[in-house]
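Engineer: Pasting in a structure now, in structure tokens, and then I'll have a few things to ask.
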Amino acid sequence: MSSLTAKQSPRRNRPGIRAEDWCSWSTPPLEEMDTTLAFQQLIQSRVRSDPTDIEAILQPPESTDEAAWQYEQLRQICLELNSLVTLLEQECTYETCPEMKADEWQYLCAAHPSPQPCCAIDYIMHTLDGATALLNSHRHFPSRVSIPEPSIKQFQNIARRLYRVFAHAWFSHREIFLESEFTNRTV
Amino acid sequence: MDLTARINPGKLSRAMKSADSYAENRRPGSAGPNGRRVNGRPDDLAALELSEEDTVDVEKKGAAGYAGKIWKPKFALRNHLDTVRAVAWHPTELVLFSAGEDSVAKMWDLRQYGNLKGRRPPTDIEPTYTFRGHTAAVTSLAVSFSGGRTVVYTGGADSTVRAWLAPFGEGGRVRESYASYFDTKTKLHTFVGHSNAVWDVKPHPIPHQYSLLASASADGTVKLWSLPDASGAGGYKLKATIRPPSVKVAPTSLDWCPYDLTKIVVGYTDATARVVDVTKVGQDGDGEVLRFSRPDGSDGTPSSQINRLVAHPTTAVCVAGYEDRYLRFLDMTSGSYAHQMVAHLDGVAAVDIHPSGLTVASGGHDYSIRFWDMNTRVCSQEISAHRRKYDEGVWSVAYRPSVYSGWFASGGADAIAKVYTLDA
Ligand SMILES: [Zn+2]
Ligand SMILES: [Zn+2]
């Protein structure tokens, strides 16, 4: 290795880089990540190295705060859901899906003061917006490394609602769903 | 990306089970990952030493800066799920826009919080709208307001530039949260033509006179697009392409020059910059009227590149932030560097100039924001603003565009957009 490459250049996506060079660096071991966002960095580097290796992506590092680990997994799932929803939006409309249905179940949208029968695409976006807002709520999640106990029960609510988005895509928009499964994206 | 498997019922129930059992196992006051201290970093700025030539000492004026006023954090806007790459204000309303590596842009209507009359700001502020459409990181964002319409332009790592109609509620009021997306038509246009990541996008500052948009891409080019005029006439068309000055060099940042509205200034990955006359693109020299060769001491690689440049509102000067920690003042009458100074402890990623032209704000990967007097180049204030992810800190700073502006915003690697006010 030449002395030029020996010096680690910063792990930074500088303006002007090509899309294929995005995050083209080696990820340091967790214990060297001196940042509150270490879990996010680790999860995203695993997703980048093999997005199909679910076991590896979900495997918590040893002696980990499990709630904080799951919190970051949920954030990453919401992040990735943005692109599924972007694809869905081209096909899932008020005309095709006036109700939020998955496998004959109809769901009311819980993003409103009282649940509403939003059309599927609104249900999906409201649900994703609601989950994103909850995960970003400073009141519920004041820190990304230590999750208050009462907030941990929110994980289940978030996961259940997000699951319906996948279910609707699976039952009503199979082609888009499969397309999204095989789309490899940056991050 | 196999999302089903990630969230399949088996996995999910396992995750939930461990979430449940977590409650029992949790040790009180347990530390973060691997038990390391992760909250807060020592304040690097306290140890700031600037010894190089042409540098300016940070003079800690504190409350003495800005005639007794300093910038204080007011709101932390949390809703992006990854690094915030760009923040930009609405030209007239107290509305902020942000763009992130989570592939979305967001609109934050802050008018209801503009005057809190002593009340505490709310802990959680939700965006009024999320713009979905990009399929990769949104790197850049700019706002234009003309004929009563607010149009947001975004550039993305997916090679596209997009135009969006910002949704306001009835009569321009705050849009209701969780209103129907389906009924809200925001997608105006997708500009296809760049062949790699788009890194900057800027509509002409006088949109009702010049219906033009400029974009900079990792494909090496700057493209000029025509926009429909205020009456809706004309279309979205590619008008001209400005080729890179040499191979393997890409534009990183661009701005329109207020002193001559037919010119743009462009910064490149080899630390050079140039001024281009947009009416002469395609002719000899691609319309280049002025070239800034790379600065002394710069090696001309991306480790000394221009990250961000902003044209001064009243004089023929451009302020640029460089990856080698410098802020440089580019004299656009002569093509020389009027001043340069080490401004941060790490790369300078963000620059903006107050609409009055009197102060400059810079943001760096040392996580700090600094405010500089335009004439004396003395630092009047520093704020430790964002936490880092990888080796990234502050990515964007923006003064609210009003000469009396007392509002400021920043975006960073910690996925947060922050809003500051100038307070006594
Ligand atoms: Zn549908
Ligand atoms: Zn709804």
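Every chain in the structure tokens takes a letter, A first, then B, and so on in the order presented; its residues are numbered from 1, and the ligands are numbered from 1 following the presented order.
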Dump the neighbourhood of ligand 2 as a list in words: all residues within 7 Å, distances computed on only C-alpha atoms and all ligand atoms.
Structural biologist: Cys109, Ala110, Ala111, His112, Gln116, Cys118, Asp122, Tyr123 and His126 of chain A; Tyr178 of chain B
Engineer: Which residues are near stretch 256-268 of chain B? Cut-off 10 Å, only C-alpha atoms, ignore same chain within fewer than 4 positions. Put them as a short mmCIF file (atom, residue, chain, number, x, y, z; two decimals) with N, CA, C and O atoms, in the first residue's frame.
Structural biologist:
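Listing of result22.cif after writing:
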```cif
data_model
loop_
_atom_site.label_atom_id
_atom_site.label_comp_id
_atom_site.auth_asym_id
_atom_site.auth_seq_id
_atom_site.Cartn_x
_atom_site.Cartn_y
_atom_site.Cartn_z
N PRO A 15 -19.66 16.64 -1.80
CA PRO A 15 -20.39 17.09 -2.99
C PRO A 15 -19.55 16.81 -4.23
O PRO A 15 -18.33 16.97 -4.20
N GLY A 16 -20.19 16.37 -5.29
CA GLY A 16 -19.48 16.11 -6.54
C GLY A 16 -19.16 14.65 -6.77
O GLY A 16 -18.85 14.26 -7.89
N LYS B 202 -30.22 25.57 -8.49
CA LYS B 202 -30.53 26.96 -8.14
C LYS B 202 -31.40 27.60 -9.23
O LYS B 202 -30.94 27.79 -10.35
N PRO B 203 -32.62 27.98 -8.88
CA PRO B 203 -33.41 28.76 -9.84
C PRO B 203 -32.87 30.18 -9.90
O PRO B 203 -32.23 30.65 -8.96
N HIS B 204 -33.11 30.85 -11.01
CA HIS B 204 -32.67 32.24 -11.13
C HIS B 204 -33.33 33.07 -10.03
O HIS B 204 -34.51 32.89 -9.73
N PRO B 205 -32.56 34.00 -9.40
CA PRO B 205 -33.13 34.76 -8.27
C PRO B 205 -34.28 35.69 -8.65
O PRO B 205 -35.04 36.11 -7.78
N ILE B 206 -34.42 36.01 -9.93
CA ILE B 206 -35.58 36.83 -10.34
C ILE B 206 -36.45 36.00 -11.28
O ILE B 206 -36.38 36.14 -12.50
N TYR B 210 -36.39 35.90 -15.45
CA TYR B 210 -35.60 34.85 -16.08
C TYR B 210 -36.13 33.50 -15.61
O TYR B 210 -35.93 33.13 -14.47
N LEU B 213 -33.29 27.60 -14.56
CA LEU B 213 -32.84 26.81 -13.43
C LEU B 213 -31.47 26.25 -13.80
O LEU B 213 -31.26 25.80 -14.92
N ALA B 214 -30.52 26.30 -12.85
CA ALA B 214 -29.19 25.73 -13.10
C ALA B 214 -28.98 24.55 -12.16
O ALA B 214 -29.39 24.57 -11.00
N ALA B 216 -26.04 21.28 -11.05
CA ALA B 216 -24.66 20.79 -11.15
C ALA B 216 -24.64 19.31 -10.83
O ALA B 216 -25.27 18.88 -9.87
N GLY B 220 -20.25 15.84 -14.45
CA GLY B 220 -19.29 16.84 -14.88
C GLY B 220 -19.91 18.13 -15.39
O GLY B 220 -19.27 19.16 -15.47
N VAL B 222 -22.81 21.34 -15.83
CA VAL B 222 -23.84 22.20 -15.27
C VAL B 222 -24.89 22.32 -16.36
O VAL B 222 -24.55 22.56 -17.52
N PRO B 244 -17.42 20.34 -18.20
CA PRO B 244 -16.41 20.60 -17.16
C PRO B 244 -15.13 21.17 -17.77
O PRO B 244 -14.85 20.94 -18.94
N PRO B 245 -14.34 21.92 -16.96
CA PRO B 245 -13.12 22.53 -17.48
C PRO B 245 -12.08 21.48 -17.85
O PRO B 245 -11.23 21.72 -18.69
N VAL B 249 -13.38 16.07 -13.50
CA VAL B 249 -13.67 17.16 -12.59
C VAL B 249 -15.18 17.40 -12.64
O VAL B 249 -15.77 17.37 -13.71
N ALA B 250 -15.77 17.57 -11.47
CA ALA B 250 -17.21 17.76 -11.43
C ALA B 250 -17.55 19.03 -10.65
O ALA B 250 -16.83 19.40 -9.72
N PRO B 251 -18.64 19.69 -11.03
CA PRO B 251 -19.08 20.86 -10.26
C PRO B 251 -19.68 20.41 -8.93
O PRO B 251 -20.31 19.36 -8.85
N THR B 252 -19.43 21.18 -7.88
CA THR B 252 -19.96 20.82 -6.57
C THR B 252 -21.02 21.79 -6.10
O THR B 252 -21.90 21.43 -5.33
N THR B 272 -10.93 24.58 -8.30
CA THR B 272 -11.03 25.77 -9.15
C THR B 272 -12.48 26.24 -9.17
O THR B 272 -13.39 25.55 -8.72
N ALA B 273 -12.65 27.46 -9.69
CA ALA B 273 -14.00 27.99 -9.86
C ALA B 273 -14.01 28.81 -11.14
O ALA B 273 -12.95 29.20 -11.65
N ARG B 274 -15.18 29.04 -11.68
CA ARG B 274 -15.25 29.92 -12.85
C ARG B 274 -16.59 30.62 -12.91
O ARG B 274 -17.58 30.15 -12.34
N VAL B 275 -16.57 31.73 -13.61
CA VAL B 275 -17.78 32.50 -13.85
C VAL B 275 -18.17 32.27 -15.31
O VAL B 275 -17.32 32.36 -16.20
N VAL B 276 -19.44 31.93 -15.51
CA VAL B 276 -19.91 31.61 -16.86
C VAL B 276 -21.06 32.54 -17.22
O VAL B 276 -21.96 32.78 -16.42
N ASP B 277 -21.00 33.10 -18.44
CA ASP B 277 -22.09 33.89 -18.98
C ASP B 277 -23.09 32.92 -19.63
O ASP B 277 -22.78 32.31 -20.66
N VAL B 278 -24.27 32.81 -19.03
CA VAL B 278 -25.20 31.77 -19.49
C VAL B 278 -25.76 32.07 -20.88
O VAL B 278 -26.33 31.20 -21.53
N THR B 279 -25.60 33.32 -21.35
CA THR B 279 -26.09 33.64 -22.70
C THR B 279 -25.09 33.21 -23.77
O THR B 279 -25.38 33.24 -24.95
N LYS B 280 -23.89 32.80 -23.34
CA LYS B 280 -22.85 32.47 -24.32
C LYS B 280 -22.40 31.02 -24.24
O LYS B 280 -21.37 30.64 -24.81
N GLY B 287 -18.72 29.97 -22.76
CA GLY B 287 -19.25 31.10 -22.01
C GLY B 287 -18.44 31.49 -20.80
O GLY B 287 -18.82 32.39 -20.05
N GLU B 288 -17.30 30.83 -20.59
CA GLU B 288 -16.48 31.17 -19.42
C GLU B 288 -15.92 32.58 -19.55
O GLU B 288 -15.29 32.91 -20.54
N VAL B 289 -16.15 33.41 -18.54
CA VAL B 289 -15.64 34.77 -18.60
C VAL B 289 -14.53 35.00 -17.58
O VAL B 289 -13.80 35.98 -17.67
N LEU B 290 -14.42 34.12 -16.61
CA LEU B 290 -13.40 34.29 -15.57
C LEU B 290 -13.07 32.93 -14.97
O LEU B 290 -13.96 32.10 -14.78
N ARG B 291 -11.77 32.72 -14.70
CA ARG B 291 -11.35 31.45 -14.12
C ARG B 291 -10.54 31.70 -12.86
O ARG B 291 -9.63 32.52 -12.85
N PHE B 292 -10.88 30.99 -11.81
CA PHE B 292 -10.08 31.02 -10.58
C PHE B 292 -9.25 29.74 -10.57
O PHE B 292 -9.80 28.65 -10.40
N ARG B 294 -6.54 26.98 -9.11
CA ARG B 294 -6.61 26.49 -7.74
C ARG B 294 -5.70 27.30 -6.82
O ARG B 294 -4.63 27.74 -7.23
N GLY B 300 -5.43 20.45 -5.50
CA GLY B 300 -6.29 20.25 -6.65
C GLY B 300 -7.03 18.92 -6.66
O GLY B 300 -7.57 18.50 -7.67
N THR B 301 -7.06 18.23 -5.51
CA THR B 301 -7.83 16.99 -5.42
C THR B 301 -9.09 17.26 -4.60
O THR B 301 -9.22 18.34 -3.99
N PRO B 302 -10.01 16.29 -4.55
CA PRO B 302 -11.22 16.51 -3.74
C PRO B 302 -10.94 16.82 -2.27
O PRO B 302 -11.80 17.35 -1.58
N GLN B 305 -11.24 20.47 -2.35
CA GLN B 305 -12.26 20.98 -3.27
C GLN B 305 -13.14 22.07 -2.65
O GLN B 305 -13.19 22.25 -1.43
N ILE B 306 -13.82 22.77 -3.54
CA ILE B 306 -14.87 23.70 -3.09
C ILE B 306 -16.09 22.86 -2.73
O ILE B 306 -16.53 22.03 -3.52
N ASN B 307 -16.61 23.06 -1.52
CA ASN B 307 -17.82 22.33 -1.13
C ASN B 307 -19.07 23.17 -1.34
O ASN B 307 -20.13 22.64 -1.65
N ARG B 308 -18.91 24.48 -1.14
CA ARG B 308 -20.08 25.34 -1.22
C ARG B 308 -19.65 26.75 -1.55
O ARG B 308 -18.68 27.25 -0.96
N LEU B 309 -20.32 27.40 -2.46
CA LEU B 309 -20.02 28.80 -2.70
C LEU B 309 -21.30 29.61 -2.80
O LEU B 309 -22.34 29.10 -3.21
N VAL B 310 -21.18 30.88 -2.39
CA VAL B 310 -22.34 31.77 -2.40
C VAL B 310 -21.88 33.13 -2.92
O VAL B 310 -20.87 33.67 -2.47
N ALA B 311 -22.63 33.68 -3.87
CA ALA B 311 -22.31 35.00 -4.40
C ALA B 311 -22.83 36.06 -3.43
O ALA B 311 -23.93 35.92 -2.87
N HIS B 312 -22.03 37.13 -3.24
CA HIS B 312 -22.42 38.21 -2.34
C HIS B 312 -23.58 38.99 -2.95
O HIS B 312 -23.62 39.21 -4.16
N PRO B 313 -24.54 39.42 -2.11
CA PRO B 313 -25.74 40.07 -2.67
C PRO B 313 -25.50 41.45 -3.29
O PRO B 313 -26.27 41.88 -4.15
N THR B 314 -24.45 42.16 -2.86
CA THR B 314 -24.30 43.52 -3.37
C THR B 314 -22.95 43.80 -4.04
O THR B 314 -22.82 44.80 -4.72
N THR B 315 -21.95 42.96 -3.83
CA THR B 315 -20.66 43.23 -4.46
C THR B 315 -20.23 42.03 -5.30
O THR B 315 -20.78 40.94 -5.16
N ALA B 316 -19.23 42.24 -6.16
CA ALA B 316 -18.78 41.17 -7.06
C ALA B 316 -17.79 40.25 -6.33
O ALA B 316 -16.65 40.10 -6.73
N VAL B 317 -18.26 39.69 -5.24
CA VAL B 317 -17.44 38.80 -4.43
C VAL B 317 -18.22 37.51 -4.22
O VAL B 317 -19.46 37.53 -4.13
N CYS B 318 -17.50 36.42 -4.16
CA CYS B 318 -18.14 35.14 -3.87
C CYS B 318 -17.38 34.52 -2.69
O CYS B 318 -16.16 34.60 -2.62
N ALA B 320 -16.47 31.13 -0.65
CA ALA B 320 -16.49 29.68 -0.86
C ALA B 320 -15.89 28.95 0.33
O ALA B 320 -14.91 29.40 0.93
N GLY B 321 -16.49 27.80 0.66
CA GLY B 321 -15.98 26.93 1.72
C GLY B 321 -15.30 25.74 1.08
O GLY B 321 -15.83 25.13 0.15
N TYR B 322 -14.13 25.40 1.58
CA TYR B 322 -13.30 24.36 0.96
C TYR B 322 -13.10 23.18 1.90
O TYR B 322 -13.11 23.32 3.12
N MET B 332 -14.63 38.64 -8.09
CA MET B 332 -15.15 38.29 -9.40
C MET B 332 -14.95 39.41 -10.43
O MET B 332 -15.47 39.34 -11.54
#
```
Engineer: Rounded to one decimal place, report the atom CA of A:Pro60-atom CA of B:Asp82 distance in Å.
Structural biologist: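 Pair atom CA of A:Pro60 / atom CA of B:Asp82 returns 20.2 Å.
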Engineer: So which residues are near ligand 1, meaning at most 7 Å away with only C-alpha atoms and all ligand atoms counted, given back as JSON, numbers by chain?
Structural biologist: {"A": [92, 93, 96, 97, 120, 121, 168, 169, 172, 173]}
Engineer: Write out as CSV a residue-level contact list of stretch 27-120 of chain A versus stretch 95-107 of chain B with cut-off 8 Å: for each qualifying residue the closest pair of atoms and the distance in Å to one decimal, counting only C-alpha atoms, rows sorted by chain and residue number upward.
Structural biologist:
```
residue,atom,partner,partner_atom,distance
A:Leu79,CA,B:Asp102,CA,5.7
A:Glu80,CA,B:Asp102,CA,7.8
A:Asn82,CA,B:Ser103,CA,7.3
A:Ser83,CA,B:Ser103,CA,7.7
```
Engineer: Residues of chain A in strand (DSSP E or B) according to DSSP, as a list in words?
Structural biologist: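 In chain A, DSSP puts these residues in strand (DSSP E or B): Lys101, Ala102, Trp105, Gln106, Cys109 and Gln116 of chain A.
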Engineer: So which one's closest to A:Gln44, B:Arg243, B:His80, B:Lys389, B:Lys418? Using only C-alpha atoms, please.
Structural biologist: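 Nearest to A:Gln44: B:Lys389.
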Engineer: Smallest atom-to-atom distance to A:Phe39: which of B:Tyr390, B:Ala424, B:Leu238, B:Gln209, using only C-alpha atoms?
Structural biologist: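 Among the listed residues, B:Tyr390 lies closest to A:Phe39.
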Engineer: Hey, can you check how far atom CA of A:Glu55 sits from atom CA of A:Ile77?
Structural biologist: 14.7 Å
Engineer: Please report as an MDAnalysis selection string which residues of chain A come no farther than 7 Å from chain B, using only C-alpha atoms.
Structural biologist: chainID A and resid 10:12 15:19 31 34:37 51:52 54 63:67 75 79 83 86 111 122 126 132:133 136:139 145:146 149 152 156 163 166 180:186
Engineer: Might you pull out every residue within 10 Å of B:Lys239, with only C-alpha atoms counted and same-chain residues fewer than 5 positions away left off, and present them as a count of residues only?
Structural biologist: 10
Engineer: Mind giving me the straight-line distance from atom CA of B:Ala88 to atom CA of B:Ser410 in Å, one decimal?
Structural biologist: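 These two atoms are separated by 8.9 Å.
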